[in-house]
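Visitor: Quick one, input-v7.pdb (PDB, C-alpha atoms):
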```pdb
ATOM      1  CA  GLN A   1       0.000   0.000   0.000
ATOM      2  CA  VAL A   2       1.469   3.294  -1.092
ATOM      3  CA  GLN A   3       1.663   5.951   1.606
ATOM      4  CA  LEU A   4       2.931   9.502   1.357
ATOM      5  CA  VAL A   5       3.217  11.490   4.575
ATOM      6  CA  GLU A   6       4.145  15.160   4.577
ATOM      7  CA  SER A   7       5.649  17.114   7.448
ATOM      8  CA  GLY A   8       7.377  20.403   8.129
ATOM      9  CA  GLY A   9       4.602  22.895   7.594
ATOM     10  CA  GLY A  10       3.864  25.724   9.981
ATOM     11  CA  LEU A  11       3.496  29.456  10.499
ATOM     12  CA  VAL A  12       6.319  31.701   9.334
ATOM     13  CA  GLN A  13       6.772  35.409   8.687
ATOM     14  CA  ALA A  14       7.232  36.749   5.190
ATOM     15  CA  GLY A  15      10.841  36.370   4.133
ATOM     16  CA  GLY A  16      11.320  33.290   6.256
ATOM     17  CA  SER A  17      12.016  29.677   5.328
ATOM     18  CA  LEU A  18      10.479  26.256   5.782
ATOM     19  CA  ARG A  19      11.581  22.799   4.707
ATOM     20  CA  LEU A  20       8.858  20.316   3.870
ATOM     21  CA  ALA A  21       9.438  16.582   3.845
ATOM     22  CA  CYS A  22       7.489  13.733   2.285
ATOM     23  CA  ALA A  23       8.138  10.188   3.485
ATOM     24  CA  ALA A  24       7.104   7.476   1.055
ATOM     25  CA  SER A  25       6.454   3.801   1.646
ATOM     26  CA  GLY A  26       4.982   0.843  -0.216
ATOM     27  CA  LEU A  27       6.489   1.654  -3.603
ATOM     28  CA  PRO A  28       9.785   1.412  -5.524
ATOM     29  CA  PHE A  29      10.532   5.007  -4.668
ATOM     30  CA  SER A  30      13.565   5.447  -6.904
ATOM     31  CA  SER A  31      11.550   4.446  -9.992
ATOM     32  CA  TYR A  32       9.186   7.416 -10.050
ATOM     33  CA  ALA A  33       9.293  11.172 -10.259
ATOM     34  CA  MET A  34       7.888  12.970  -7.221
ATOM     35  CA  GLY A  35       6.061  16.269  -7.165
ATOM     36  CA  TRP A  36       4.769  18.946  -4.830
ATOM     37  CA  PHE A  37       1.431  20.682  -5.337
ATOM     38  CA  ARG A  38      -0.360  23.284  -3.237
ATOM     39  CA  GLN A  39      -3.916  24.431  -2.696
ATOM     40  CA  ALA A  40      -4.746  27.829  -1.293
ATOM     41  CA  PRO A  41      -8.166  28.586   0.229
ATOM     42  CA  GLY A  42     -10.768  29.020  -2.476
ATOM     43  CA  LYS A  43      -8.365  28.061  -5.252
ATOM     44  CA  GLU A  44      -7.639  24.983  -7.297
ATOM     45  CA  ARG A  45      -4.667  22.808  -6.493
ATOM     46  CA  GLU A  46      -1.621  23.872  -8.494
ATOM     47  CA  PHE A  47       1.703  22.380  -9.475
ATOM     48  CA  VAL A  48       4.739  23.628  -7.544
ATOM     49  CA  ALA A  49       7.727  21.440  -8.417
ATOM     50  CA  VAL A  50       8.800  17.994  -9.574
ATOM     51  CA  VAL A  51      11.999  15.961  -9.371
ATOM     52  CA  SER A  52      12.857  13.054 -11.633
ATOM     53  CA  ALA A  53      13.340   9.519 -10.333
ATOM     54  CA  GLY A  54      17.100   9.873 -10.215
ATOM     55  CA  GLY A  55      16.995  13.399  -8.854
ATOM     56  CA  GLY A  56      18.844  14.984 -11.732
ATOM     57  CA  THR A  57      15.988  16.890 -13.363
ATOM     58  CA  THR A  58      13.717  19.407 -11.674
ATOM     59  CA  TYR A  59      10.978  21.748 -12.820
ATOM     60  CA  TYR A  60       9.233  24.568 -10.989
ATOM     61  CA  THR A  61       6.247  26.777 -11.477
ATOM     62  CA  ASP A  62       7.338  30.303 -12.347
ATOM     63  CA  SER A  63       6.178  31.881  -9.089
ATOM     64  CA  VAL A  64       8.610  29.826  -6.966
ATOM     65  CA  LYS A  65      11.662  29.697  -9.229
ATOM     66  CA  GLY A  66      14.745  30.908  -7.401
ATOM     67  CA  ARG A  67      13.044  30.565  -4.006
ATOM     68  CA  PHE A  68      12.074  26.877  -3.730
ATOM     69  CA  THR A  69      14.267  23.817  -4.217
ATOM     70  CA  ILE A  70      13.020  20.256  -4.589
ATOM     71  CA  ALA A  71      15.357  17.357  -3.842
ATOM     72  CA  ARG A  72      15.071  13.678  -3.048
ATOM     73  CA  ASP A  73      16.980  11.089  -1.044
ATOM     74  CA  ASN A  74      16.328   7.710  -2.624
ATOM     75  CA  ALA A  75      18.174   5.902   0.166
ATOM     76  CA  LYS A  76      15.656   7.280   2.671
ATOM     77  CA  ASN A  77      12.558   7.318   0.424
ATOM     78  CA  THR A  78      12.029  11.005   1.053
ATOM     79  CA  VAL A  79      11.510  14.119  -1.025
ATOM     80  CA  HIS A  80      11.995  17.620   0.324
ATOM     81  CA  LEU A  81      10.872  21.074  -0.632
ATOM     82  CA  GLN A  82      13.099  23.847   0.682
ATOM     83  CA  MET A  83      11.157  27.096   0.655
ATOM     84  CA  ASN A  84      13.016  30.379   1.100
ATOM     85  CA  SER A  85      11.942  34.014   0.873
ATOM     86  CA  LEU A  86       8.384  32.983   1.603
ATOM     87  CA  LYS A  87       5.546  35.319   0.676
ATOM     88  CA  PRO A  88       1.973  35.531   1.980
ATOM     89  CA  GLU A  89       0.787  34.212  -1.399
ATOM     90  CA  ASP A  90       2.649  30.966  -0.687
ATOM     91  CA  THR A  91       0.085  30.203   2.025
ATOM     92  CA  ALA A  92      -1.555  26.876   1.148
ATOM     93  CA  VAL A  93      -1.821  23.219   1.966
ATOM     94  CA  TYR A  94       1.153  21.510   0.343
ATOM     95  CA  HIS A  95       0.797  17.954  -0.980
ATOM     96  CA  CYS A  96       3.422  15.594  -2.284
ATOM     97  CA  ALA A  97       2.484  13.254  -5.084
ATOM     98  CA  LYS A  98       3.930  10.228  -6.839
ATOM     99  CA  ALA A  99       4.166  10.563 -10.600
ATOM    100  CA  LYS A 100       3.152   7.753 -12.950
ATOM    101  CA  LYS A 101       6.510   7.944 -14.701
ATOM    102  CA  ALA A 102      10.172   8.397 -13.872
ATOM    103  CA  TYR A 103      10.859  11.528 -15.846
ATOM    104  CA  PHE A 104       9.169  14.471 -17.531
ATOM    105  CA  SER A 105      10.631  16.097 -20.601
ATOM    106  CA  GLY A 106       9.440  19.553 -19.669
ATOM    107  CA  ASN A 107       7.602  21.704 -17.155
ATOM    108  CA  TYR A 108       4.416  21.594 -19.242
ATOM    109  CA  TYR A 109       4.172  17.796 -19.021
ATOM    110  CA  ALA A 110       4.691  17.653 -15.250
ATOM    111  CA  ARG A 111       1.885  20.060 -14.366
ATOM    112  CA  PRO A 112      -1.345  18.062 -14.817
ATOM    113  CA  GLU A 113      -2.662  16.285 -11.731
ATOM    114  CA  SER A 114      -3.586  13.361 -13.998
ATOM    115  CA  GLU A 115       0.149  12.577 -14.273
ATOM    116  CA  TYR A 116       0.173  11.600 -10.568
ATOM    117  CA  ASP A 117      -1.551   8.625  -8.972
ATOM    118  CA  TYR A 118      -0.869   8.847  -5.232
ATOM    119  CA  TRP A 119      -1.155  11.849  -2.936
ATOM    120  CA  GLY A 120      -0.305  12.712   0.636
ATOM    121  CA  GLN A 121      -2.781  14.311   3.006
ATOM    122  CA  GLY A 122      -0.964  17.626   2.966
ATOM    123  CA  THR A 123       0.754  19.969   5.377
ATOM    124  CA  GLN A 124      -0.351  23.540   6.069
ATOM    125  CA  VAL A 125       2.009  26.404   5.315
ATOM    126  CA  THR A 126       0.952  29.851   6.512
ATOM    127  CA  VAL A 127       3.029  32.934   5.730
ATOM    128  CA  SER A 128       2.159  36.076   7.651
ATOM    129  CA  SER A 129       2.843  39.557   6.310
TER     130      SER A 129
END
```
Output the file's structure as structure tokens, nothing else.
Guide:
Amino acid sequence: QVQLVESGGGLVQAGGSLRLACAASGLPFSSYAMGWFRQAPGKEREFVAVVSAGGGTTYYTDSVKGRFTIARDNAKNTVHLQMNSLKPEDTAVYHCAKAKKAYFSGNYYARPESEYDYWGQGTQVTVSS
């Protein structure tokens, strides 16, 4: 049974940092790309970042480029999202997700939720101004 469990969310002031973690179990973790999505109140869930199965390829949505970094540790079955220079508009529930494939050839192809088949329950990130 595939399980994805996020942690690391919390309340932080604008300009601060948080590091989210997603622990995966029940799957051959190193065989699949892993992504982070977020959902703000009253908005649809949106793509944030993805890392390829081997960790060598990453893509980000434009609004977080240069501020967020996604990375994975295949030995520990975990994927992290380092979030720096946080803004109030980053406030959302952040979900990690397992992709259906190992690698995406571009940002456009990694964005659709239909490319992911397992989701974590999410962790709340609140950025105060």
Visitor: Would you mind listing what lies within 7 Å of segment 118-122 of chain A as a list in words, with all atoms listed in the file counted and same-chain residues fewer than 4 positions away left out?
Guide: Leu4, Val5, Glu6, Val93, Tyr94, His95, Cys96, Ala97 and Lys98 of chain A
Visitor: With only C-alpha atoms as the counted atoms, please give the residues lying no more than 9 Å from Ala40 of chain A, apart from itself and same-chain residues fewer than 6 positions off, as an NGL selection string.
Guide: :A and (46 or 89-94)
Visitor: Excluding Leu27 of chain A and its own-chain neighbours fewer than 2 positions away, which residues fall within 12 Å of it when counting only C-alpha atoms? Please give them as a PyMOL selection string.
Guide: chain A and resi 1-4+23-25+29-34+74+77-78+98-100+117-118
Visitor: Please evaluate the PyMOL selection byres ((chain A and resi 103) around 12) against the structure above and give the resulting residues as a PDB file with C-alpha atoms, in the coordinates of the input.
Guide:
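Dumped to result-v4.pdb:
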```
ATOM      1  CA  SER A  30      13.565   5.447  -6.904  1.00  0.00           C
ATOM      2  CA  SER A  31      11.550   4.446  -9.992  1.00  0.00           C
ATOM      3  CA  TYR A  32       9.186   7.416 -10.050  1.00  0.00           C
ATOM      4  CA  ALA A  33       9.293  11.172 -10.259  1.00  0.00           C
ATOM      5  CA  MET A  34       7.888  12.970  -7.221  1.00  0.00           C
ATOM      6  CA  GLY A  35       6.061  16.269  -7.165  1.00  0.00           C
ATOM      7  CA  VAL A  50       8.800  17.994  -9.574  1.00  0.00           C
ATOM      8  CA  VAL A  51      11.999  15.961  -9.371  1.00  0.00           C
ATOM      9  CA  SER A  52      12.857  13.054 -11.633  1.00  0.00           C
ATOM     10  CA  ALA A  53      13.340   9.519 -10.333  1.00  0.00           C
ATOM     11  CA  GLY A  54      17.100   9.873 -10.215  1.00  0.00           C
ATOM     12  CA  GLY A  55      16.995  13.399  -8.854  1.00  0.00           C
ATOM     13  CA  GLY A  56      18.844  14.984 -11.732  1.00  0.00           C
ATOM     14  CA  THR A  57      15.988  16.890 -13.363  1.00  0.00           C
ATOM     15  CA  THR A  58      13.717  19.407 -11.674  1.00  0.00           C
ATOM     16  CA  TYR A  59      10.978  21.748 -12.820  1.00  0.00           C
ATOM     17  CA  LYS A  98       3.930  10.228  -6.839  1.00  0.00           C
ATOM     18  CA  ALA A  99       4.166  10.563 -10.600  1.00  0.00           C
ATOM     19  CA  LYS A 100       3.152   7.753 -12.950  1.00  0.00           C
ATOM     20  CA  LYS A 101       6.510   7.944 -14.701  1.00  0.00           C
ATOM     21  CA  ALA A 102      10.172   8.397 -13.872  1.00  0.00           C
ATOM     22  CA  PHE A 104       9.169  14.471 -17.531  1.00  0.00           C
ATOM     23  CA  SER A 105      10.631  16.097 -20.601  1.00  0.00           C
ATOM     24  CA  GLY A 106       9.440  19.553 -19.669  1.00  0.00           C
ATOM     25  CA  ASN A 107       7.602  21.704 -17.155  1.00  0.00           C
ATOM     26  CA  TYR A 109       4.172  17.796 -19.021  1.00  0.00           C
ATOM     27  CA  ALA A 110       4.691  17.653 -15.250  1.00  0.00           C
ATOM     28  CA  GLU A 115       0.149  12.577 -14.273  1.00  0.00           C
ATOM     29  CA  TYR A 116       0.173  11.600 -10.568  1.00  0.00           C
TER      30      TYR A 116
END
```
Visitor: By how many Å are atom CA of Thr126 of chain A and atom CA of Leu20 of chain A apart?
Guide: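 Between atom CA of Thr126 of chain A and atom CA of Leu20 of chain A the gap is 12.7 Å.
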Visitor: So the first atom is atom CA of Phe47 of chain A and the second is atom CA of Leu86 of chain A; what is the distance between them in Å, to one decimal place?
Guide: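 A separation of 16.7 Å between them.
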Visitor: Might you pull out every residue within 7 Å of His80 of chain A, with all atoms listed in the file counted and same-chain residues fewer than 3 positions away left off, and present them as a CSV table (one decimal) with C-alpha atoms, keeping the file's coordinate frame?
Guide:
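And here's result06.csv as it stands now:
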```
chain,number,residue,atom,x,y,z
A,19,ARG,CA,11.6,22.8,4.7
A,20,LEU,CA,8.9,20.3,3.9
A,21,ALA,CA,9.4,16.6,3.8
A,22,CYS,CA,7.5,13.7,2.3
A,70,ILE,CA,13.0,20.3,-4.6
A,71,ALA,CA,15.4,17.4,-3.8
A,72,ARG,CA,15.1,13.7,-3.0
```
Visitor: Give the answer as one residue: which of A:Ser7, A:Gln124, A:Thr69, A:Gln39 has the shortest atom-to-atom distance to Gln82 of chain A, using all atoms listed in the file?
Guide: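 With all atoms listed in the file as the atom set, the closest residue is A:Thr69.
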Visitor: Any chance you could work out the residue set of the PyMOL selection byres ((chain A and resi 16) around 10) here, as a PyMOL selection string?
Guide: chain A and resi 11-15+17-18+83-87+127-128
